[in-house]
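Student: A single structure is presented below for examination.
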Amino acid sequence: MVKTYRHESLLGFFKGMSFPIASIAVVNSVLFGIYSNTLLALTATSHQERRAQPPSYTHIFIAGCTGGFLQAYFLAPFDLIKVRLQNQTEPRAKPGSPPPRYRGPVHCAASIFQEEGPRGLFRGAWALTLRDTPTMGIYFITYECLCHQSTPEGQNPSSATVLVAGGFAGITSWVTATPLDVIKSRMQMAGLNQRAHRGVLDCIVSSARQEGLGVFFRGLTINSARAFPVNAVTFLSYEYLLHLWQ
């Protein structure tokens with residue numbers, strides 16, 4: 001944090017922010033919409049009826065995995081652009097200093113398309129899919145399990161329960177996701193660094209050989225610290241809006 005501030009000023013902490021803001025509503029609507037509708041298809045019970053007739057954890061896991069799998073294809077180009085912009089480490093603009101490689105998200109997308117072709121916008125998508133498919137299954141199981149254990153039978157969970165369950169679901173999912181998140185980010189940066197990995201397995205093996213197994217847990221602390229408040233608010237909003245509209 002100190003080095004980022006000294007090298008890039010306060011704005012360095014907000015690199016790559018615009019595309020996540022633009023895409024988060026679409027990505028979350030895909031994830032939660034597919035999860036809810038898949039669970040409805042598997043159990044034939046609505047969201048409100050699930051409190052009286054809780055679905056099995058197998059159904060929850062399958063619905064979560066389905067949502068994670070389809071979400072990854074919507075998320076891939078946005079996530080790639082975010083990672084590329086975040087990895088620009090040019091210092092604060094000074095007279096005579098070279099301009100950054102990417103001037104913004106639109107310029108970044110256009111540059112990737114021109115230099116790496118349409119497939120370049122989906123670089124790392126396979127690793128992203130491998131990350132999100134099981135992780136979202138675990139994510140929803142953790143949330144539903146904590147809500148079920150903390151709520152009297154047949155009642156809706158309180159706001160406090162939803163916040164805590166959602167926060168811990170976020171932490172659990174990132175503990176699971178971080179190893180493949182590292183691989184995903186490295187594959188996304190490969191085109192910029194002119195280094196081609198032959199695939200996910202090649203990236204895993206080369207990273208482990210060069211930096212040891214600890215490399216797969218880089219960023220876990222900050223991801224977990226971010227995950228609790230973000231996912232607590234996400235699930236509270238999800239439950240509130242479903243209750244409001246039903």
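Quick note on naming: the chains in the structure tokens go A, B, ... in the order shown, residues restart at 1 in each chain, and ligands are numbered from 1 in order of appearance.
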Please identify the alpha helix (DSSP H) residues within region 33-65 of chain A (assignment by DSSP from backbone atoms) and present them as a list in words.
Tutor: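 These are the residues in question: Gly33, Ile34, Tyr35, Ser36, Asn37, Thr38, Leu39, Leu40, Ala41, Leu42, Thr43, Tyr57, Thr58, His59, Ile60, Phe61, Ile62, Ala63, Gly64 and Cys65 of chain A.
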Student: Take the residues just selected and output them with N, CA, C and O atoms as a compact mmCIF listing (two decimals), in the first residue's frame.
Tutor:
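And here's selection28.txt as it stands now:
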```
# COMPACT_ATOMS: atom_id res chain seq x y z
N GLY A 33 -29.39 -14.86 -10.71
CA GLY A 33 -30.56 -15.26 -11.49
C GLY A 33 -30.48 -16.73 -11.91
O GLY A 33 -31.45 -17.48 -11.76
N ILE A 34 -29.31 -17.14 -12.40
CA ILE A 34 -29.15 -18.54 -12.80
C ILE A 34 -29.20 -19.45 -11.58
O ILE A 34 -29.80 -20.53 -11.62
N TYR A 35 -28.58 -19.03 -10.49
CA TYR A 35 -28.62 -19.83 -9.26
C TYR A 35 -30.06 -20.06 -8.80
O TYR A 35 -30.47 -21.19 -8.56
N SER A 36 -30.84 -18.99 -8.70
CA SER A 36 -32.22 -19.10 -8.22
C SER A 36 -33.08 -19.93 -9.16
O SER A 36 -33.87 -20.78 -8.72
N ASN A 37 -32.93 -19.72 -10.46
CA ASN A 37 -33.77 -20.45 -11.42
C ASN A 37 -33.35 -21.92 -11.55
O ASN A 37 -34.20 -22.78 -11.76
N THR A 38 -32.06 -22.20 -11.41
CA THR A 38 -31.61 -23.59 -11.42
C THR A 38 -32.11 -24.32 -10.19
O THR A 38 -32.58 -25.46 -10.27
N LEU A 39 -32.07 -23.64 -9.04
CA LEU A 39 -32.59 -24.24 -7.81
C LEU A 39 -34.10 -24.46 -7.91
O LEU A 39 -34.62 -25.47 -7.44
N LEU A 40 -34.79 -23.53 -8.55
CA LEU A 40 -36.24 -23.68 -8.76
C LEU A 40 -36.53 -24.90 -9.65
O LEU A 40 -37.45 -25.68 -9.37
N ALA A 41 -35.72 -25.08 -10.69
CA ALA A 41 -35.91 -26.22 -11.59
C ALA A 41 -35.61 -27.55 -10.89
O ALA A 41 -36.27 -28.56 -11.14
N LEU A 42 -34.61 -27.53 -9.99
CA LEU A 42 -34.22 -28.77 -9.31
C LEU A 42 -35.17 -29.15 -8.18
O LEU A 42 -35.37 -30.33 -7.90
N THR A 43 -35.75 -28.14 -7.51
CA THR A 43 -36.55 -28.41 -6.31
C THR A 43 -38.03 -28.11 -6.47
O THR A 43 -38.83 -28.53 -5.63
N TYR A 57 -28.14 -29.87 0.03
CA TYR A 57 -26.88 -29.20 -0.28
C TYR A 57 -26.36 -29.61 -1.66
O TYR A 57 -25.64 -28.85 -2.29
N THR A 58 -26.74 -30.79 -2.11
CA THR A 58 -26.36 -31.20 -3.47
C THR A 58 -27.00 -30.29 -4.51
O THR A 58 -26.34 -29.83 -5.45
N HIS A 59 -28.30 -29.99 -4.33
CA HIS A 59 -28.98 -29.09 -5.25
C HIS A 59 -28.40 -27.68 -5.19
O HIS A 59 -28.25 -27.01 -6.23
N ILE A 60 -28.10 -27.21 -3.98
CA ILE A 60 -27.49 -25.89 -3.83
C ILE A 60 -26.15 -25.82 -4.54
O ILE A 60 -25.84 -24.85 -5.25
N PHE A 61 -25.34 -26.86 -4.37
CA PHE A 61 -24.02 -26.89 -5.00
C PHE A 61 -24.13 -26.90 -6.52
O PHE A 61 -23.42 -26.16 -7.21
N ILE A 62 -25.03 -27.73 -7.06
CA ILE A 62 -25.21 -27.80 -8.51
C ILE A 62 -25.69 -26.45 -9.06
O ILE A 62 -25.18 -25.97 -10.09
N ALA A 63 -26.64 -25.81 -8.37
CA ALA A 63 -27.15 -24.51 -8.82
C ALA A 63 -26.05 -23.45 -8.76
O ALA A 63 -25.92 -22.62 -9.67
N GLY A 64 -25.25 -23.47 -7.70
CA GLY A 64 -24.15 -22.51 -7.57
C GLY A 64 -23.10 -22.71 -8.64
O GLY A 64 -22.60 -21.74 -9.23
N CYS A 65 -22.74 -23.96 -8.91
CA CYS A 65 -21.76 -24.26 -9.95
C CYS A 65 -22.26 -23.83 -11.33
O CYS A 65 -21.49 -23.30 -12.14
```
Student: Calculate how many Å separate CA of Tyr240 (chain A) from CA of Ala160 (chain A), rounding to one decimal.
Tutor: 12.4 Å
Student: Using only C-alpha atoms, which of the listed residues (A:Thr45, A:Ser173, A:Ser18, A:Gln210) sits closest to Gln86 (chain A)?
Tutor: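 Counting only C-alpha atoms, the residue closest to Gln86 (chain A) is A:Ser18.
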Student: From the options A:Ile204, A:Leu242, A:Leu85, A:Ala52, which residue's atoms come nearest to Gln155 (chain A), counting only C-alpha atoms?
Tutor: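 Using only C-alpha atoms, Gln155 (chain A) sits closest to A:Ala52.
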Student: Could you check which of A:Leu130, A:Leu236, A:Leu80, A:Ala125 is closest to Pro105 (chain A), using only C-alpha atoms?
Tutor: A:Leu80
Student: Identify, on the basis of only C-alpha atoms, every residue whose closest approach to Thr176 (chain A) does not exceed 9 Å; exclude the query and any residue fewer than 2 positions from it along the same chain; express the result as a list of chain:residue names.
Tutor: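 Listing them by chain and then by number gives A:Arg131, A:Pro134, A:Thr135, A:Ile138, A:Ile171, A:Thr172, A:Ser173, A:Trp174, A:Thr178, A:Pro179, A:Leu180.
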Student: For the selection just defined, write its residues with N, CA, C and O atoms to a file, as a PDB file, in the first residue's frame.
Tutor:
```pdb
ATOM      1  N   ARG A 131     -12.015 -21.515 -11.843  1.00  0.00           N
ATOM      2  CA  ARG A 131     -12.067 -20.857 -10.529  1.00  0.00           C
ATOM      3  C   ARG A 131     -13.498 -20.703 -10.039  1.00  0.00           C
ATOM      4  O   ARG A 131     -13.825 -21.025  -8.899  1.00  0.00           O
ATOM      5  N   PRO A 134     -16.580 -24.368  -9.246  1.00  0.00           N
ATOM      6  CA  PRO A 134     -16.738 -24.973  -7.913  1.00  0.00           C
ATOM      7  C   PRO A 134     -16.845 -23.942  -6.800  1.00  0.00           C
ATOM      8  O   PRO A 134     -17.525 -24.166  -5.795  1.00  0.00           O
ATOM      9  N   THR A 135     -16.179 -22.794  -6.985  1.00  0.00           N
ATOM     10  CA  THR A 135     -16.173 -21.781  -5.929  1.00  0.00           C
ATOM     11  C   THR A 135     -17.574 -21.259  -5.640  1.00  0.00           C
ATOM     12  O   THR A 135     -17.953 -21.073  -4.476  1.00  0.00           O
ATOM     13  N   ILE A 138     -19.536 -23.740  -3.549  1.00  0.00           N
ATOM     14  CA  ILE A 138     -19.140 -23.649  -2.137  1.00  0.00           C
ATOM     15  C   ILE A 138     -19.672 -22.361  -1.507  1.00  0.00           C
ATOM     16  O   ILE A 138     -20.098 -22.344  -0.350  1.00  0.00           O
ATOM     17  N   ILE A 171     -15.592 -15.101   2.346  1.00  0.00           N
ATOM     18  CA  ILE A 171     -14.243 -15.509   2.765  1.00  0.00           C
ATOM     19  C   ILE A 171     -13.967 -16.940   2.341  1.00  0.00           C
ATOM     20  O   ILE A 171     -12.900 -17.254   1.799  1.00  0.00           O
ATOM     21  N   THR A 172     -14.930 -17.834   2.580  1.00  0.00           N
ATOM     22  CA  THR A 172     -14.751 -19.245   2.218  1.00  0.00           C
ATOM     23  C   THR A 172     -14.515 -19.406   0.724  1.00  0.00           C
ATOM     24  O   THR A 172     -13.653 -20.186   0.294  1.00  0.00           O
ATOM     25  N   SER A 173     -15.259 -18.660  -0.065  1.00  0.00           N
ATOM     26  CA  SER A 173     -15.110 -18.782  -1.516  1.00  0.00           C
ATOM     27  C   SER A 173     -13.737 -18.303  -1.975  1.00  0.00           C
ATOM     28  O   SER A 173     -13.133 -18.894  -2.875  1.00  0.00           O
ATOM     29  N   TRP A 174     -13.200 -17.248  -1.348  1.00  0.00           N
ATOM     30  CA  TRP A 174     -11.898 -16.751  -1.765  1.00  0.00           C
ATOM     31  C   TRP A 174     -10.757 -17.649  -1.308  1.00  0.00           C
ATOM     32  O   TRP A 174      -9.721 -17.744  -1.979  1.00  0.00           O
ATOM     33  N   THR A 178      -8.504 -18.521  -4.530  1.00  0.00           N
ATOM     34  CA  THR A 178      -7.237 -17.792  -4.683  1.00  0.00           C
ATOM     35  C   THR A 178      -6.187 -18.516  -5.533  1.00  0.00           C
ATOM     36  O   THR A 178      -5.563 -17.884  -6.388  1.00  0.00           O
ATOM     37  N   PRO A 179      -5.942 -19.838  -5.357  1.00  0.00           N
ATOM     38  CA  PRO A 179      -4.925 -20.477  -6.209  1.00  0.00           C
ATOM     39  C   PRO A 179      -5.207 -20.308  -7.700  1.00  0.00           C
ATOM     40  O   PRO A 179      -4.305 -19.945  -8.465  1.00  0.00           O
ATOM     41  N   LEU A 180      -6.432 -20.551  -8.125  1.00  0.00           N
ATOM     42  CA  LEU A 180      -6.748 -20.389  -9.544  1.00  0.00           C
ATOM     43  C   LEU A 180      -6.882 -18.928  -9.939  1.00  0.00           C
ATOM     44  O   LEU A 180      -6.715 -18.575 -11.114  1.00  0.00           O
TER      45      LEU A 180
END
```
Student: Excluding same-chain residues fewer than 2 positions from Ile222 (chain A), what lies within 12 Å of it counting only C-alpha atoms, as number ranges by chain?
Tutor: A: 1, 171, 174-175, 178, 217-220, 224-228
Student: Can you measure CA of Pro55 (chain A) to CA of Phe168 (chain A) for me? One decimal in Å is fine.
Tutor: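 Between CA of Pro55 (chain A) and CA of Phe168 (chain A) the gap is 20.1 Å.
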Student: Tell me, in Å to one decimal, how far CA of Leu70 (chain A) is from CA of Ala127 (chain A).
Tutor: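 Between these atoms lies a distance of 13.4 Å.
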Student: Which neighbours of Ser207 (chain A) fall inside 10 Å, counting only C-alpha atoms, when residues of the same chain fewer than 4 positions from it are skipped, and could you give them as a PyMOL selection string?
Tutor: chain A and resi 182-183+186+201-203+211-216
Student: Would you save the residues from that selection as a compact mmCIF listing (two decimals), in the first residue's frame, using N, CA and C atoms?
Tutor:
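So part-v4.txt came out as:
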```
# COMPACT_ATOMS: atom_id res chain seq x y z
N VAL A 182 -4.77 -16.65 -8.93
CA VAL A 182 -3.38 -16.32 -9.25
C VAL A 182 -3.04 -16.77 -10.66
N ILE A 183 -3.40 -18.01 -10.99
CA ILE A 183 -3.13 -18.55 -12.33
C ILE A 183 -3.88 -17.76 -13.40
N ARG A 186 -2.17 -14.45 -14.04
CA ARG A 186 -0.90 -14.61 -14.76
C ARG A 186 -1.14 -14.90 -16.24
N LEU A 201 -2.42 -25.81 -16.98
CA LEU A 201 -1.49 -26.72 -16.31
C LEU A 201 -0.05 -26.25 -16.44
N ASP A 202 0.32 -25.76 -17.62
CA ASP A 202 1.68 -25.25 -17.83
C ASP A 202 1.95 -24.05 -16.93
N CYS A 203 0.95 -23.17 -16.78
CA CYS A 203 1.10 -22.00 -15.91
C CYS A 203 1.26 -22.43 -14.45
N GLU A 211 8.57 -20.29 -8.08
CA GLU A 211 8.30 -19.52 -6.86
C GLU A 211 7.79 -20.35 -5.69
N GLY A 212 7.65 -21.66 -5.87
CA GLY A 212 7.18 -22.50 -4.78
C GLY A 212 5.67 -22.49 -4.65
N LEU A 213 5.15 -23.37 -3.79
CA LEU A 213 3.70 -23.52 -3.65
C LEU A 213 3.05 -22.30 -3.01
N GLY A 214 3.81 -21.52 -2.26
CA GLY A 214 3.25 -20.33 -1.62
C GLY A 214 2.72 -19.31 -2.59
N VAL A 215 3.16 -19.38 -3.86
CA VAL A 215 2.71 -18.41 -4.86
C VAL A 215 1.20 -18.50 -5.08
N PHE A 216 0.62 -19.68 -4.85
CA PHE A 216 -0.80 -19.87 -5.13
C PHE A 216 -1.71 -19.23 -4.08
```
